[in-house]
Amino acid sequence: MLTLASEIEVLSRFGRALADPIRCRLLLALREAPAHPSDLAEELGISRTRLSNHLACLRDCGLAVAVPVGRRTRYELADPRLGHALGDLRTAVLAVESDRTCPDADDKGCC
């Protein structure tokens, strides 16, 4: 059973992973299907070195895992529920963005 402190740490790691646009794109790509680093680098239009750093972060955060496939390595989400969570979060964020009911949002940049 997770304690409040460990729940906060887990959410913090998830937030750290989502704080970078490339990692967000990586997570969304892995949500669609597992992939090899070379394919991910090409899909995202970034160097393999840069991709490697972001994949290491996702592994360290516990969100992605490396699966050996022969002499190659394939990456996938660490748990299928992460794919559902990403979909739910994406839907919620888009709904909030389109429903800006705060009258001060434009003036104060608060919402």
# chains A, B, ... in the order shown; residues from 1 in each chain; ligands from 1
$ residues_around --residues "segment 44-52 of chain A" --least-positions-apart "2" --cutoff "9 Å" --atoms "only C-alpha atoms" --output "PyMOL selection string"
chain A and resi 22-23+25-26+29+37-42+54-57
$ residues_around --residues "Pro68 of chain A" --least-positions-apart "6" --cutoff "12 Å" --atoms "only C-alpha atoms" --output "ChimeraX atom specification"
/A:34-37,74-76
$ select_by_dssp --residues "chain A" --states "strand (DSSP E or B)" --output "MDAnalysis selection string"
chainID A and resid 35 64:69 72:77
$ write_last_selection --atoms "C-alpha atoms" --output "tab-separated table (two decimals), in the first residue's frame"
chain	number	residue	atom	x	y	z
A	35	ALA	CA	8.98	1.03	-30.77
A	64	ALA	CA	8.95	3.21	-19.84
A	65	VAL	CA	10.80	-0.08	-20.00
A	66	ALA	CA	13.43	-1.42	-22.39
A	67	VAL	CA	12.62	-4.88	-23.75
A	68	PRO	CA	15.44	-6.84	-25.42
A	69	VAL	CA	14.40	-8.23	-28.80
A	72	ARG	CA	17.90	-4.72	-30.48
A	73	THR	CA	15.95	-3.03	-27.72
A	74	ARG	CA	12.32	-2.03	-27.95
A	75	TYR	CA	10.69	0.53	-25.66
A	76	GLU	CA	7.17	0.39	-24.31
A	77	LEU	CA	5.11	1.88	-21.52
$ closest_residue --among "A:Ala78, A:Val93, A:Ser6, A:Pro21" --to "Asp60 of chain A" --atoms "only C-alpha atoms"
A:Ala78
$ select_by_dssp --residues "chain A" --states "alpha helix (DSSP H)" --output "PyMOL selection string"
chain A and resi 4-18+21-32+37-44+48-60+80-98+105-108
$ residues_around --residues "segment 82-84 of chain A" --least-positions-apart "4" --cutoff "9 Å" --atoms "only C-alpha atoms" --output "PyMOL selection string"
chain A and resi 27-28+30-32+63+77-78+88-89
$ write_last_selection --atoms "N, CA, C and O atoms" --output "PDB file, in the first residue's frame"
ATOM      1  N   LEU A  27       5.994   9.632 -24.846  1.00  0.00           N
ATOM      2  CA  LEU A  27       4.958   8.874 -24.143  1.00  0.00           C
ATOM      3  C   LEU A  27       3.738   8.648 -25.033  1.00  0.00           C
ATOM      4  O   LEU A  27       3.173   7.549 -25.051  1.00  0.00           O
ATOM      5  N   LEU A  28       3.345   9.669 -25.784  1.00  0.00           N
ATOM      6  CA  LEU A  28       2.198   9.503 -26.681  1.00  0.00           C
ATOM      7  C   LEU A  28       2.515   8.515 -27.803  1.00  0.00           C
ATOM      8  O   LEU A  28       1.656   7.724 -28.203  1.00  0.00           O
ATOM      9  N   LEU A  30       4.650   5.982 -27.553  1.00  0.00           N
ATOM     10  CA  LEU A  30       4.666   4.656 -26.936  1.00  0.00           C
ATOM     11  C   LEU A  30       3.267   4.211 -26.542  1.00  0.00           C
ATOM     12  O   LEU A  30       2.995   3.019 -26.451  1.00  0.00           O
ATOM     13  N   ARG A  31       2.396   5.173 -26.326  1.00  0.00           N
ATOM     14  CA  ARG A  31       0.989   4.840 -26.051  1.00  0.00           C
ATOM     15  C   ARG A  31       0.368   4.149 -27.264  1.00  0.00           C
ATOM     16  O   ARG A  31      -0.442   3.244 -27.132  1.00  0.00           O
ATOM     17  N   GLU A  32       0.785   4.588 -28.441  1.00  0.00           N
ATOM     18  CA  GLU A  32       0.261   3.996 -29.673  1.00  0.00           C
ATOM     19  C   GLU A  32       0.803   2.590 -29.901  1.00  0.00           C
ATOM     20  O   GLU A  32       0.075   1.693 -30.285  1.00  0.00           O
ATOM     21  N   LEU A  63       8.254   5.015 -16.109  1.00  0.00           N
ATOM     22  CA  LEU A  63       7.154   5.095 -17.066  1.00  0.00           C
ATOM     23  C   LEU A  63       7.378   4.279 -18.327  1.00  0.00           C
ATOM     24  O   LEU A  63       6.416   3.914 -19.003  1.00  0.00           O
ATOM     25  N   LEU A  77       5.560   1.359 -22.800  1.00  0.00           N
ATOM     26  CA  LEU A  77       5.114   1.878 -21.516  1.00  0.00           C
ATOM     27  C   LEU A  77       5.280   0.798 -20.462  1.00  0.00           C
ATOM     28  O   LEU A  77       5.081  -0.383 -20.740  1.00  0.00           O
ATOM     29  N   ALA A  78       5.637   1.202 -19.263  1.00  0.00           N
ATOM     30  CA  ALA A  78       5.897   0.251 -18.189  1.00  0.00           C
ATOM     31  C   ALA A  78       4.629  -0.497 -17.766  1.00  0.00           C
ATOM     32  O   ALA A  78       4.717  -1.618 -17.282  1.00  0.00           O
ATOM     33  N   ASP A  88      -6.676   9.882 -20.710  1.00  0.00           N
ATOM     34  CA  ASP A  88      -7.601  10.616 -19.843  1.00  0.00           C
ATOM     35  C   ASP A  88      -7.069  12.014 -19.540  1.00  0.00           C
ATOM     36  O   ASP A  88      -7.824  12.991 -19.571  1.00  0.00           O
ATOM     37  N   LEU A  89      -5.781  12.115 -19.242  1.00  0.00           N
ATOM     38  CA  LEU A  89      -5.181  13.411 -18.947  1.00  0.00           C
ATOM     39  C   LEU A  89      -5.247  14.332 -20.158  1.00  0.00           C
ATOM     40  O   LEU A  89      -5.601  15.508 -20.039  1.00  0.00           O
TER      41      LEU A  89
END
$ decode --residues "segment 64-104 of chain A" --atoms "N, CA and C atoms" --output "PDB file, in the first residue's frame"
ATOM      1  N   ALA A  64       8.631   4.000 -18.651  1.00  0.00           N
ATOM      2  CA  ALA A  64       8.953   3.207 -19.842  1.00  0.00           C
ATOM      3  C   ALA A  64       9.929   2.107 -19.455  1.00  0.00           C
ATOM      4  N   VAL A  65       9.875   1.036 -20.222  1.00  0.00           N
ATOM      5  CA  VAL A  65      10.804  -0.077 -20.001  1.00  0.00           C
ATOM      6  C   VAL A  65      11.453  -0.445 -21.329  1.00  0.00           C
ATOM      7  N   ALA A  66      12.688  -0.939 -21.219  1.00  0.00           N
ATOM      8  CA  ALA A  66      13.428  -1.423 -22.387  1.00  0.00           C
ATOM      9  C   ALA A  66      13.277  -2.934 -22.431  1.00  0.00           C
ATOM     10  N   VAL A  67      12.841  -3.447 -23.573  1.00  0.00           N
ATOM     11  CA  VAL A  67      12.624  -4.880 -23.746  1.00  0.00           C
ATOM     12  C   VAL A  67      13.599  -5.396 -24.803  1.00  0.00           C
ATOM     13  N   PRO A  68      14.518  -6.288 -24.427  1.00  0.00           N
ATOM     14  CA  PRO A  68      15.439  -6.837 -25.418  1.00  0.00           C
ATOM     15  C   PRO A  68      14.686  -7.693 -26.441  1.00  0.00           C
ATOM     16  N   VAL A  69      14.986  -7.446 -27.706  1.00  0.00           N
ATOM     17  CA  VAL A  69      14.403  -8.227 -28.798  1.00  0.00           C
ATOM     18  C   VAL A  69      15.567  -8.607 -29.705  1.00  0.00           C
ATOM     19  N   GLY A  70      16.104  -9.797 -29.488  1.00  0.00           N
ATOM     20  CA  GLY A  70      17.309 -10.193 -30.221  1.00  0.00           C
ATOM     21  C   GLY A  70      18.448  -9.282 -29.838  1.00  0.00           C
ATOM     22  N   ARG A  71      19.074  -8.671 -30.828  1.00  0.00           N
ATOM     23  CA  ARG A  71      20.185  -7.747 -30.571  1.00  0.00           C
ATOM     24  C   ARG A  71      19.722  -6.306 -30.431  1.00  0.00           C
ATOM     25  N   ARG A  72      18.449  -6.076 -30.569  1.00  0.00           N
ATOM     26  CA  ARG A  72      17.899  -4.719 -30.480  1.00  0.00           C
ATOM     27  C   ARG A  72      17.108  -4.553 -29.185  1.00  0.00           C
ATOM     28  N   THR A  73      16.764  -3.338 -28.893  1.00  0.00           N
ATOM     29  CA  THR A  73      15.950  -3.027 -27.724  1.00  0.00           C
ATOM     30  C   THR A  73      14.717  -2.267 -28.179  1.00  0.00           C
ATOM     31  N   ARG A  74      13.591  -2.688 -27.640  1.00  0.00           N
ATOM     32  CA  ARG A  74      12.317  -2.031 -27.949  1.00  0.00           C
ATOM     33  C   ARG A  74      11.834  -1.352 -26.666  1.00  0.00           C
ATOM     34  N   TYR A  75      11.225  -0.200 -26.808  1.00  0.00           N
ATOM     35  CA  TYR A  75      10.687   0.525 -25.658  1.00  0.00           C
ATOM     36  C   TYR A  75       9.173   0.462 -25.671  1.00  0.00           C
ATOM     37  N   GLU A  76       8.625   0.385 -24.462  1.00  0.00           N
ATOM     38  CA  GLU A  76       7.170   0.391 -24.307  1.00  0.00           C
ATOM     39  C   GLU A  76       6.828   1.016 -22.966  1.00  0.00           C
ATOM     40  N   LEU A  77       5.560   1.359 -22.800  1.00  0.00           N
ATOM     41  CA  LEU A  77       5.114   1.878 -21.516  1.00  0.00           C
ATOM     42  C   LEU A  77       5.280   0.798 -20.462  1.00  0.00           C
ATOM     43  N   ALA A  78       5.637   1.202 -19.263  1.00  0.00           N
ATOM     44  CA  ALA A  78       5.897   0.251 -18.189  1.00  0.00           C
ATOM     45  C   ALA A  78       4.629  -0.497 -17.766  1.00  0.00           C
ATOM     46  N   ASP A  79       3.482   0.102 -17.988  1.00  0.00           N
ATOM     47  CA  ASP A  79       2.214  -0.510 -17.602  1.00  0.00           C
ATOM     48  C   ASP A  79       1.145  -0.024 -18.575  1.00  0.00           C
ATOM     49  N   PRO A  80       0.293  -0.914 -19.062  1.00  0.00           N
ATOM     50  CA  PRO A  80      -0.749  -0.484 -20.006  1.00  0.00           C
ATOM     51  C   PRO A  80      -1.682   0.593 -19.441  1.00  0.00           C
ATOM     52  N   ARG A  81      -1.825   0.635 -18.125  1.00  0.00           N
ATOM     53  CA  ARG A  81      -2.693   1.653 -17.517  1.00  0.00           C
ATOM     54  C   ARG A  81      -2.160   3.054 -17.747  1.00  0.00           C
ATOM     55  N   LEU A  82      -0.847   3.180 -17.964  1.00  0.00           N
ATOM     56  CA  LEU A  82      -0.281   4.497 -18.271  1.00  0.00           C
ATOM     57  C   LEU A  82      -0.843   5.050 -19.574  1.00  0.00           C
ATOM     58  N   GLY A  83      -1.067   4.185 -20.530  1.00  0.00           N
ATOM     59  CA  GLY A  83      -1.661   4.622 -21.793  1.00  0.00           C
ATOM     60  C   GLY A  83      -3.052   5.188 -21.583  1.00  0.00           C
ATOM     61  N   HIS A  84      -3.837   4.517 -20.746  1.00  0.00           N
ATOM     62  CA  HIS A  84      -5.180   5.009 -20.427  1.00  0.00           C
ATOM     63  C   HIS A  84      -5.106   6.326 -19.660  1.00  0.00           C
ATOM     64  N   ALA A  85      -4.164   6.409 -18.703  1.00  0.00           N
ATOM     65  CA  ALA A  85      -4.004   7.630 -17.914  1.00  0.00           C
ATOM     66  C   ALA A  85      -3.605   8.805 -18.808  1.00  0.00           C
ATOM     67  N   LEU A  86      -2.696   8.567 -19.737  1.00  0.00           N
ATOM     68  CA  LEU A  86      -2.287   9.627 -20.663  1.00  0.00           C
ATOM     69  C   LEU A  86      -3.461  10.085 -21.522  1.00  0.00           C
ATOM     70  N   GLY A  87      -4.264   9.139 -21.973  1.00  0.00           N
ATOM     71  CA  GLY A  87      -5.445   9.483 -22.765  1.00  0.00           C
ATOM     72  C   GLY A  87      -6.439  10.296 -21.955  1.00  0.00           C
ATOM     73  N   ASP A  88      -6.676   9.882 -20.710  1.00  0.00           N
ATOM     74  CA  ASP A  88      -7.601  10.616 -19.843  1.00  0.00           C
ATOM     75  C   ASP A  88      -7.069  12.014 -19.540  1.00  0.00           C
ATOM     76  N   LEU A  89      -5.781  12.115 -19.242  1.00  0.00           N
ATOM     77  CA  LEU A  89      -5.181  13.411 -18.947  1.00  0.00           C
ATOM     78  C   LEU A  89      -5.247  14.332 -20.158  1.00  0.00           C
ATOM     79  N   ARG A  90      -4.953  13.796 -21.305  1.00  0.00           N
ATOM     80  CA  ARG A  90      -4.998  14.587 -22.548  1.00  0.00           C
ATOM     81  C   ARG A  90      -6.411  15.104 -22.800  1.00  0.00           C
ATOM     82  N   THR A  91      -7.404  14.243 -22.626  1.00  0.00           N
ATOM     83  CA  THR A  91      -8.797  14.636 -22.820  1.00  0.00           C
ATOM     84  C   THR A  91      -9.208  15.707 -21.818  1.00  0.00           C
ATOM     85  N   ALA A  92      -8.815  15.541 -20.559  1.00  0.00           N
ATOM     86  CA  ALA A  92      -9.166  16.513 -19.525  1.00  0.00           C
ATOM     87  C   ALA A  92      -8.525  17.861 -19.803  1.00  0.00           C
ATOM     88  N   VAL A  93      -7.258  17.863 -20.184  1.00  0.00           N
ATOM     89  CA  VAL A  93      -6.553  19.120 -20.465  1.00  0.00           C
ATOM     90  C   VAL A  93      -7.192  19.822 -21.651  1.00  0.00           C
ATOM     91  N   LEU A  94      -7.532  19.090 -22.688  1.00  0.00           N
ATOM     92  CA  LEU A  94      -8.175  19.697 -23.856  1.00  0.00           C
ATOM     93  C   LEU A  94      -9.542  20.259 -23.503  1.00  0.00           C
ATOM     94  N   ALA A  95     -10.290  19.574 -22.631  1.00  0.00           N
ATOM     95  CA  ALA A  95     -11.604  20.054 -22.210  1.00  0.00           C
ATOM     96  C   ALA A  95     -11.476  21.344 -21.406  1.00  0.00           C
ATOM     97  N   VAL A  96     -10.512  21.393 -20.500  1.00  0.00           N
ATOM     98  CA  VAL A  96     -10.296  22.597 -19.693  1.00  0.00           C
ATOM     99  C   VAL A  96      -9.849  23.756 -20.583  1.00  0.00           C
ATOM    100  N   GLU A  97      -8.968  23.467 -21.527  1.00  0.00           N
ATOM    101  CA  GLU A  97      -8.467  24.512 -22.427  1.00  0.00           C
ATOM    102  C   GLU A  97      -9.592  25.115 -23.260  1.00  0.00           C
ATOM    103  N   SER A  98     -10.535  24.296 -23.684  1.00  0.00           N
ATOM    104  CA  SER A  98     -11.614  24.798 -24.536  1.00  0.00           C
ATOM    105  C   SER A  98     -12.735  25.448 -23.727  1.00  0.00           C
ATOM    106  N   ASP A  99     -12.765  25.253 -22.404  1.00  0.00           N
ATOM    107  CA  ASP A  99     -13.822  25.805 -21.558  1.00  0.00           C
ATOM    108  C   ASP A  99     -13.221  26.791 -20.570  1.00  0.00           C
ATOM    109  N   ARG A 100     -12.735  27.876 -21.095  1.00  0.00           N
ATOM    110  CA  ARG A 100     -12.113  28.893 -20.238  1.00  0.00           C
ATOM    111  C   ARG A 100     -13.197  29.833 -19.735  1.00  0.00           C
ATOM    112  N   THR A 101     -13.804  29.474 -18.606  1.00  0.00           N
ATOM    113  CA  THR A 101     -14.915  30.253 -18.066  1.00  0.00           C
ATOM    114  C   THR A 101     -14.470  31.326 -17.088  1.00  0.00           C
ATOM    115  N   CYS A 102     -13.213  31.337 -16.703  1.00  0.00           N
ATOM    116  CA  CYS A 102     -12.705  32.348 -15.767  1.00  0.00           C
ATOM    117  C   CYS A 102     -12.689  33.712 -16.463  1.00  0.00           C
ATOM    118  N   PRO A 103     -13.413  34.693 -15.903  1.00  0.00           N
ATOM    119  CA  PRO A 103     -13.465  36.001 -16.580  1.00  0.00           C
ATOM    120  C   PRO A 103     -12.124  36.748 -16.585  1.00  0.00           C
ATOM    121  N   ASP A 104     -11.223  36.375 -15.657  1.00  0.00           N
ATOM    122  CA  ASP A 104      -9.926  37.057 -15.571  1.00  0.00           C
ATOM    123  C   ASP A 104      -8.814  36.350 -16.321  1.00  0.00           C
TER     124      ASP A 104
END
